[in-house]
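Raw contents of my_file_12.cif, mmCIF, C-alpha atoms:
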data_coords
#
loop_
_atom_site.label_atom_id
_atom_site.label_comp_id
_atom_site.auth_asym_id
_atom_site.auth_seq_id
_atom_site.Cartn_x
_atom_site.Cartn_y
_atom_site.Cartn_z
CA MET A 1 -71.95 56.33 78.05
CA ILE A 2 -70.79 57.29 74.57
CA LEU A 3 -68.48 54.78 72.91
CA THR A 4 -65.53 55.92 70.85
CA GLN A 5 -65.13 54.67 67.29
CA LYS A 6 -62.37 52.26 68.44
CA GLN A 7 -64.54 50.87 71.24
CA THR A 8 -67.47 50.44 68.87
CA CYS A 9 -65.24 48.58 66.41
CA GLN A 10 -63.91 46.29 69.16
CA LEU A 11 -67.45 45.60 70.37
CA GLY A 12 -68.49 44.66 66.83
CA ILE A 13 -65.52 42.31 66.48
CA HIS A 14 -66.25 40.73 69.87
CA LEU A 15 -69.86 40.08 68.87
CA SER A 16 -68.74 38.62 65.54
CA ILE A 17 -66.33 36.25 67.29
CA HIS A 18 -69.02 35.22 69.77
CA GLN A 19 -71.52 34.50 66.98
CA GLN A 20 -69.02 32.41 65.02
CA HIS A 21 -67.56 30.41 67.90
CA SER A 22 -70.76 29.75 69.85
CA LYS A 23 -72.17 27.68 66.98
CA ILE A 24 -69.25 25.32 66.40
CA ASP A 25 -67.67 22.29 68.06
CA GLN A 26 -65.08 21.61 65.36
CA ILE A 27 -62.61 23.73 63.41
CA LEU A 28 -60.51 22.75 60.40
CA ILE A 29 -57.24 24.54 59.65
CA HIS A 30 -55.63 24.07 56.22
CA GLN A 31 -52.22 25.54 55.51
CA GLN A 32 -51.76 26.81 51.98
CA ILE A 33 -48.93 25.46 49.84
CA GLU A 34 -46.41 28.16 48.88
CA LEU A 35 -44.89 27.36 45.47
CA LEU A 36 -41.79 29.53 46.07
CA GLU A 37 -41.10 27.64 49.30
CA VAL A 38 -41.49 24.25 47.62
CA LEU A 39 -39.15 25.11 44.73
CA THR A 40 -36.44 27.03 46.59
CA GLY A 41 -36.72 26.06 50.27
CA PHE A 42 -36.92 29.80 51.03
CA GLU A 43 -39.26 30.22 54.02
CA THR A 44 -42.27 32.46 53.32
CA ASN A 45 -45.01 33.73 55.61
CA ASN A 46 -47.42 30.92 56.41
CA LYS A 47 -51.04 31.29 55.35
CA TYR A 48 -54.01 29.24 56.52
CA GLU A 49 -57.71 28.82 55.86
CA ILE A 50 -59.84 28.26 58.97
CA LYS A 51 -63.08 26.41 58.23
CA ASN A 52 -66.11 25.09 60.08
CA SER A 53 -67.17 21.43 60.07
CA PHE A 54 -69.00 21.97 56.76
CA GLY A 55 -65.81 23.10 55.03
CA GLN A 56 -66.95 26.72 54.85
CA ARG A 57 -64.17 29.27 55.35
CA VAL A 58 -64.82 31.47 58.36
CA TYR A 59 -61.36 32.99 58.81
CA PHE A 60 -58.10 33.47 56.98
CA ALA A 61 -54.82 33.52 58.94
CA VAL A 62 -51.56 35.02 57.77
CA GLU A 63 -48.18 35.16 59.48
CA ASP A 64 -46.60 38.60 59.84
CA THR A 65 -42.86 37.97 60.27
CA ASP A 66 -39.86 39.55 58.56
CA CYS A 67 -37.69 37.58 56.14
CA CYS A 68 -34.62 37.48 58.37
CA THR A 69 -36.53 36.08 61.35
CA ARG A 70 -38.25 33.41 59.26
CA ASN A 71 -35.11 32.08 57.63
CA CYS A 72 -32.68 32.46 60.55
CA CYS A 73 -34.85 31.25 63.42
CA GLY A 74 -36.81 28.67 61.43
CA PRO A 75 -39.67 26.90 63.27
CA SER A 76 -38.55 28.42 66.59
CA ARG A 77 -39.15 31.96 65.35
CA PRO A 78 -41.29 34.47 67.21
CA PHE A 79 -44.28 35.55 65.14
CA THR A 80 -47.47 37.53 64.93
CA LEU A 81 -50.35 35.70 63.29
CA ARG A 82 -53.28 37.80 62.13
CA ILE A 83 -56.69 36.16 61.76
CA ILE A 84 -59.08 37.91 59.41
CA ASP A 85 -62.78 37.28 58.82
CA ASN A 86 -64.50 37.06 55.45
CA MET A 87 -65.13 40.82 55.50
CA GLY A 88 -61.39 41.49 55.66
CA GLN A 89 -61.44 42.63 59.29
CA GLU A 90 -58.79 41.43 61.74
CA VAL A 91 -60.65 39.68 64.55
CA MET A 92 -57.84 37.86 66.37
CA THR A 93 -54.10 38.27 66.84
CA LEU A 94 -51.70 35.57 68.04
CA GLU A 95 -48.36 36.61 69.52
CA ARG A 96 -45.55 34.09 70.03
CA PRO A 97 -42.43 35.45 71.76
CA LEU A 98 -38.95 34.04 71.26
CA ARG A 99 -38.42 31.12 73.61
CA CYS A 100 -36.15 28.09 73.96
CA SER A 101 -36.87 25.27 71.53
CA SER A 102 -35.65 22.49 73.85
CA CYS A 103 -37.12 21.20 77.09
CA CYS A 104 -33.56 21.27 78.50
CA TYR A 105 -34.44 24.81 79.62
CA PRO A 106 -37.65 24.50 81.68
CA CYS A 107 -37.57 28.15 82.76
CA CYS A 108 -38.09 29.51 79.24
CA LEU A 109 -40.46 27.20 77.37
CA GLN A 110 -42.84 28.00 74.52
CA GLU A 111 -45.98 30.09 74.88
CA ILE A 112 -48.47 32.03 72.78
CA GLU A 113 -50.87 34.87 73.62
CA ILE A 114 -54.32 35.03 72.01
CA GLN A 115 -55.98 38.41 71.55
CA ALA A 116 -59.63 38.70 70.48
CA PRO A 117 -60.20 41.37 69.36
CA PRO A 118 -56.62 42.48 68.64
CA GLY A 119 -55.07 44.13 71.68
CA VAL A 120 -57.38 42.37 74.16
CA PRO A 121 -55.82 39.17 75.60
CA VAL A 122 -58.34 36.36 76.16
CA GLY A 123 -55.97 33.53 76.99
CA TYR A 124 -52.57 31.91 76.82
CA VAL A 125 -51.07 28.54 75.88
CA ILE A 126 -48.04 27.67 78.00
CA GLN A 127 -45.76 24.71 77.39
CA THR A 128 -45.40 22.58 80.54
CA TRP A 129 -42.09 20.87 81.16
CA HIS A 130 -42.08 17.08 80.73
CA PRO A 131 -39.10 14.84 79.87
CA CYS A 132 -40.98 12.82 77.24
CA LEU A 133 -44.41 14.20 76.35
CA PRO A 134 -45.50 17.45 74.67
CA ARG A 135 -47.66 19.09 77.33
CA PHE A 136 -49.38 22.46 77.49
CA THR A 137 -51.59 24.41 79.89
CA ILE A 138 -54.50 26.51 78.64
CA GLN A 139 -54.96 29.70 80.66
CA ASN A 140 -57.64 32.41 80.65
CA GLU A 141 -57.01 36.13 80.39
CA LYS A 142 -56.13 36.24 84.13
CA ARG A 143 -53.50 33.51 83.58
CA GLU A 144 -55.58 31.03 85.57
CA ASP A 145 -55.26 27.39 84.45
CA VAL A 146 -58.36 26.11 82.65
CA LEU A 147 -57.44 23.01 80.62
CA LYS A 148 -54.47 20.78 79.75
CA ILE A 149 -53.17 19.45 76.44
CA SER A 150 -51.12 16.26 76.16
CA GLY A 151 -49.51 14.85 73.03
CA PRO A 152 -47.82 11.55 72.13
CA CYS A 153 -44.22 10.73 73.02
CA VAL A 154 -43.25 10.48 69.34
CA VAL A 155 -44.77 13.23 67.24
CA CYS A 156 -44.57 11.70 63.78
CA SER A 157 -47.34 11.82 61.18
CA CYS A 158 -46.29 8.70 59.28
CA CYS A 159 -49.37 7.45 57.39
CA GLY A 160 -51.72 8.50 60.18
CA ASP A 161 -53.09 11.36 62.26
CA VAL A 162 -51.33 12.70 65.35
CA ASP A 163 -53.65 13.55 68.25
CA PHE A 164 -53.09 16.00 71.08
CA GLU A 165 -55.77 15.40 73.73
CA ILE A 166 -57.48 18.32 75.46
CA LYS A 167 -58.13 17.36 79.07
CA SER A 168 -59.67 18.71 82.25
CA LEU A 169 -57.30 20.23 84.82
CA ASP A 170 -57.10 16.98 86.78
CA GLU A 171 -56.44 15.19 83.45
CA GLN A 172 -59.14 12.62 84.22
CA ASN A 173 -61.48 13.60 81.39
CA VAL A 174 -60.74 14.13 77.70
CA VAL A 175 -62.93 16.98 76.42
CA GLY A 176 -61.53 17.36 72.91
CA LYS A 177 -58.47 17.04 70.72
CA ILE A 178 -56.21 18.79 68.27
CA SER A 179 -55.32 16.47 65.39
CA LYS A 180 -52.63 16.85 62.77
CA HIS A 181 -54.15 15.10 59.74
CA TRP A 182 -52.17 12.89 57.39
CA THR A 183 -52.22 14.58 53.97
CA GLY A 184 -50.54 11.98 51.77
CA ILE A 185 -46.99 10.89 51.09
CA LEU A 186 -46.16 13.54 48.44
CA ARG A 187 -47.46 16.52 50.37
CA GLU A 188 -45.87 15.32 53.60
CA ALA A 189 -42.51 14.69 51.92
CA PHE A 190 -42.15 17.84 49.83
CA THR A 191 -44.03 20.55 51.74
CA ASP A 192 -44.64 21.64 55.32
CA ALA A 193 -48.26 22.62 54.55
CA ASP A 194 -50.28 20.87 57.22
CA ASN A 195 -53.95 20.22 57.91
CA PHE A 196 -55.37 20.26 61.43
CA GLY A 197 -58.69 19.57 63.09
CA ILE A 198 -59.80 20.90 66.48
CA GLN A 199 -62.67 19.32 68.40
CA PHE A 200 -64.12 20.76 71.61
CA PRO A 201 -67.47 20.83 73.47
CA LEU A 202 -70.15 22.98 71.84
CA ASP A 203 -70.77 24.75 75.16
CA LEU A 204 -67.09 25.57 75.76
CA ASP A 205 -66.55 29.26 76.48
CA VAL A 206 -66.01 31.13 73.20
CA LYS A 207 -62.79 32.67 74.52
CA MET A 208 -61.39 29.20 75.16
CA LYS A 209 -62.36 28.15 71.65
CA ALA A 210 -60.27 31.05 70.37
CA VAL A 211 -57.39 29.94 72.61
CA MET A 212 -57.62 26.42 71.12
CA ILE A 213 -56.92 27.94 67.71
CA GLY A 214 -53.80 29.52 69.17
CA ALA A 215 -52.77 26.17 70.68
CA CYS A 216 -53.09 24.52 67.27
CA PHE A 217 -50.79 27.06 65.62
CA LEU A 218 -48.21 26.74 68.40
CA ILE A 219 -48.22 22.94 68.01
CA ASP A 220 -47.86 23.31 64.24
CA PHE A 221 -44.79 25.52 64.51
CA MET A 222 -43.20 23.46 67.29
CA PHE A 223 -43.56 19.99 65.77
CA PHE A 224 -44.64 20.11 62.12
CA GLU A 225 -42.92 23.15 60.63
CA SER A 226 -39.65 22.69 58.75
CA SER A 227 -37.40 25.36 57.34
CA GLY A 228 -34.45 24.96 54.99
CA ASN A 229 -32.17 22.33 56.54
CA GLN A 230 -34.09 22.27 59.82
CA GLU A 231 -36.24 19.14 59.90
CA GLN A 232 -39.46 18.61 61.78
CA ARG A 233 -39.11 17.63 65.42
CA SER A 234 -40.29 14.19 66.52
CA GLY A 235 -40.67 15.05 70.21
CA VAL A 236 -39.96 17.56 72.95
CA TRP A 237 -36.19 17.26 72.37
#

If you took the structure in this file and wrote it as structure tokens, what would it be?
Amino acid sequence: MILTQKQTCQLGIHLSIHQQHSKIDQILIHQQIELLEVLTGFETNNKYEIKNSFGQRVYFAVEDTDCCTRNCCGPSRPFTLRIIDNMGQEVMTLERPLRCSSCCYPCCLQEIEIQAPPGVPVGYVIQTWHPCLPRFTIQNEKREDVLKISGPCVVCSCCGDVDFEIKSLDEQNVVGKISKHWTGILREAFTDADNFGIQFPLDLDVKMKAVMIGACFLIDFMFFESSGNQEQRSGVW
């Protein structure tokens, strides 16, 4: 069978993702501070560095959203997030559709689709309705439930980290966590540039590791992103 140029490119990206993710059990995500946003409050496209446990950058993520959507919809905005490797090649794409920002509407809650390589879905993160707790379900490419994520009742990073536990489907075992790291009083007060850490088993399927990155970005936008006069949320309401 002769592969087309597009298929060969996708195969190369898939192998690159597999090589990167199979060696790691922790990912660090650092959002870059945008000076224009700090000075004017004008929402710009978010940019992030994705690093391994040694602090080495493995990916760079950039939001691809138009100005009107960013500043009118704020943290609830739909977005496309493009994840690029150190060679400048797009290896993952995250797609968040427009959904309700309140758990008052359980039929239309938040979700995000993870594509790796771009155009090939490998999993989904779906918000699960709960009256008090931030809860999510991790699904594979067939939309079959794989893992659960549960956060604290009050999502507030006041002088400490905020942990979202990654659990087995029966929620009896904690297999990892997504942590929003405290970055200091000045950075927390005057910017919405956040730092996150993701921990998961080394032998976790590489596709699910990619989905965990998507879950982290969805949590960031839902609970730790502020825009103009829209403050960060402290819970599911």

Using only C-alpha atoms, which of the listed residues (A:Asp205, A:Glu49, A:Asp85, A:Asp161) sits closest to Gly123 in chain A?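 Smallest separation from Gly123 in chain A among the options: A:Asp205.
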
With distances taken over all atoms listed in the file, which residue among A:Gln56, A:Ser226, A:Cys216, A:Cys72 lies nearest Val125 in chain A? A:Cys216

Could you please determine the separation between CA of Ile27 in chain A and CA of Trp129 in chain A in Å, to one decimal place?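 CA of Trp129 in chain A lies 27.3 Å from CA of Ile27 in chain A.
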
Starting from the PyMOL selection byres ((chain A and resi 137-148) around 6), expand the selection into actual residues of this file and give them as number ranges by chain. A: 121-126, 136, 149, 166-169

Apply the PyMOL selection byres ((chain A and resi 214) around 10) to the structure shown and report the selected residues as a list in words. Leu81, Met92, Thr93, Leu94, Glu95, Arg96, Glu111, Ile112, Glu113, Ile114, Gln115, Gly123, Tyr124, Val125, Ile138, Met208, Lys209, Ala210, Val211, Met212, Ile213, Ala215, Cys216, Phe217, Leu218, Ile219 and Asp220 of chain A

Between CA of Gly197 in chain A and CA of Gly176 in chain A, what is the spacing in Å?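 Interatomic distance here is 10.5 Å.
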
Can you tell me which residues surround range 62-65 of chain A at a distance of at most 8 Å, considering all atoms listed in the file, apart from same-chain residues fewer than 4 positions away, and format the answer as a VMD selection string? chain A and resid 45 to 48 69 to 70 78 to 83

Quick check, in Å to one decimal: how far apart do CA of Gln31 in chain A and CA of Arg57 in chain A lie?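 About the pair CA of Gln31 in chain A and CA of Arg57 in chain A: they are 12.5 Å apart.
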
Within 12 Å of (-67.4, 17.0, 65.2) (coordinates as in the file), grab all the protein and nucleic acid residues, counting all atoms listed in the file, and write them out as a JSON list (two decimals) with C-alpha atoms, in the coordinates of the input.
[["chain", "number", "residue", "atom", "x", "y", "z"],
["A", 23, "LYS", "CA", -72.17, 27.68, 66.98],
["A", 24, "ILE", "CA", -69.25, 25.32, 66.40],
["A", 25, "ASP", "CA", -67.67, 22.29, 68.06],
["A", 26, "GLN", "CA", -65.08, 21.61, 65.36],
["A", 27, "ILE", "CA", -62.61, 23.73, 63.41],
["A", 28, "LEU", "CA", -60.51, 22.75, 60.40],
["A", 52, "ASN", "CA", -66.11, 25.09, 60.08],
["A", 53, "SER", "CA", -67.17, 21.43, 60.07],
["A", 54, "PHE", "CA", -69.00, 21.97, 56.76],
["A", 55, "GLY", "CA", -65.81, 23.10, 55.03],
["A", 176, "GLY", "CA", -61.53, 17.36, 72.91],
["A", 177, "LYS", "CA", -58.47, 17.04, 70.72],
["A", 178, "ILE", "CA", -56.21, 18.79, 68.27],
["A", 197, "GLY", "CA", -58.69, 19.57, 63.09],
["A", 198, "ILE", "CA", -59.80, 20.90, 66.48],
["A", 199, "GLN", "CA", -62.67, 19.32, 68.40],
["A", 200, "PHE", "CA", -64.12, 20.76, 71.61],
["A", 201, "PRO", "CA", -67.47, 20.83, 73.47],
["A", 202, "LEU", "CA", -70.15, 22.98, 71.84]]

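Of the residues listed (A:Asn195, A:Val155, A:Val206, A:Val175), A:Asn195 shows the shortest atom-to-atom separation from Gln32 in chain A; distances use only C-alpha atoms.
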
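For the choices A:Asp163, A:Asp66, A:Glu34, A:Glu90, the atom-to-atom distance to His181 in chain A is smallest for A:Asp163 when using all atoms listed in the file.
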
Please supply range 126-140 of chain A, rebuilt with N, CA, C and O atoms, as a tab-separated table (two decimals), keeping the file's coordinate frame.
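Listing of result.tsv after writing:
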chain	number	residue	atom	x	y	z
A	126	ILE	N	-49.37	27.74	77.40
A	126	ILE	CA	-48.04	27.67	78.00
A	126	ILE	C	-47.54	26.24	77.94
A	126	ILE	O	-48.22	25.30	78.38
A	127	GLN	N	-46.35	26.04	77.39
A	127	GLN	CA	-45.76	24.71	77.39
A	127	GLN	C	-45.38	24.33	78.82
A	127	GLN	O	-44.79	25.12	79.56
A	128	THR	N	-45.72	23.10	79.21
A	128	THR	CA	-45.40	22.58	80.54
A	128	THR	C	-44.25	21.60	80.41
A	128	THR	O	-44.27	20.72	79.54
A	129	TRP	N	-43.26	21.73	81.27
A	129	TRP	CA	-42.09	20.87	81.16
A	129	TRP	C	-42.43	19.41	81.43
A	129	TRP	O	-43.14	19.09	82.39
A	130	HIS	N	-41.95	18.53	80.55
A	130	HIS	CA	-42.08	17.08	80.73
A	130	HIS	C	-40.93	16.44	79.97
A	130	HIS	O	-40.61	16.87	78.86
A	131	PRO	N	-40.28	15.42	80.53
A	131	PRO	CA	-39.10	14.84	79.87
A	131	PRO	C	-39.41	14.09	78.58
A	131	PRO	O	-38.52	13.91	77.75
A	132	CYS	N	-40.66	13.65	78.40
A	132	CYS	CA	-40.98	12.82	77.24
A	132	CYS	C	-42.15	13.32	76.40
A	132	CYS	O	-42.14	13.15	75.18
A	133	LEU	N	-43.16	13.89	77.04
A	133	LEU	CA	-44.41	14.20	76.35
A	133	LEU	C	-44.56	15.69	76.07
A	133	LEU	O	-44.17	16.53	76.90
A	134	PRO	N	-45.11	16.05	74.91
A	134	PRO	CA	-45.50	17.45	74.67
A	134	PRO	C	-46.72	17.77	75.54
A	134	PRO	O	-47.77	17.14	75.41
A	135	ARG	N	-46.57	18.74	76.43
A	135	ARG	CA	-47.66	19.09	77.33
A	135	ARG	C	-47.82	20.60	77.38
A	135	ARG	O	-46.83	21.34	77.37
A	136	PHE	N	-49.08	21.03	77.47
A	136	PHE	CA	-49.38	22.46	77.49
A	136	PHE	C	-50.50	22.72	78.50
A	136	PHE	O	-51.33	21.86	78.77
A	137	THR	N	-50.51	23.96	79.01
A	137	THR	CA	-51.59	24.41	79.89
A	137	THR	C	-52.32	25.55	79.21
A	137	THR	O	-51.69	26.49	78.70
A	138	ILE	N	-53.65	25.45	79.18
A	138	ILE	CA	-54.50	26.51	78.64
A	138	ILE	C	-54.89	27.43	79.78
A	138	ILE	O	-55.41	26.98	80.81
A	139	GLN	N	-54.64	28.72	79.63
A	139	GLN	CA	-54.96	29.70	80.66
A	139	GLN	C	-55.94	30.75	80.13
A	139	GLN	O	-55.95	31.04	78.93
A	140	ASN	N	-56.74	31.32	81.04
A	140	ASN	CA	-57.64	32.41	80.65
A	140	ASN	C	-56.90	33.74	80.66
A	140	ASN	O	-55.68	33.79	80.86
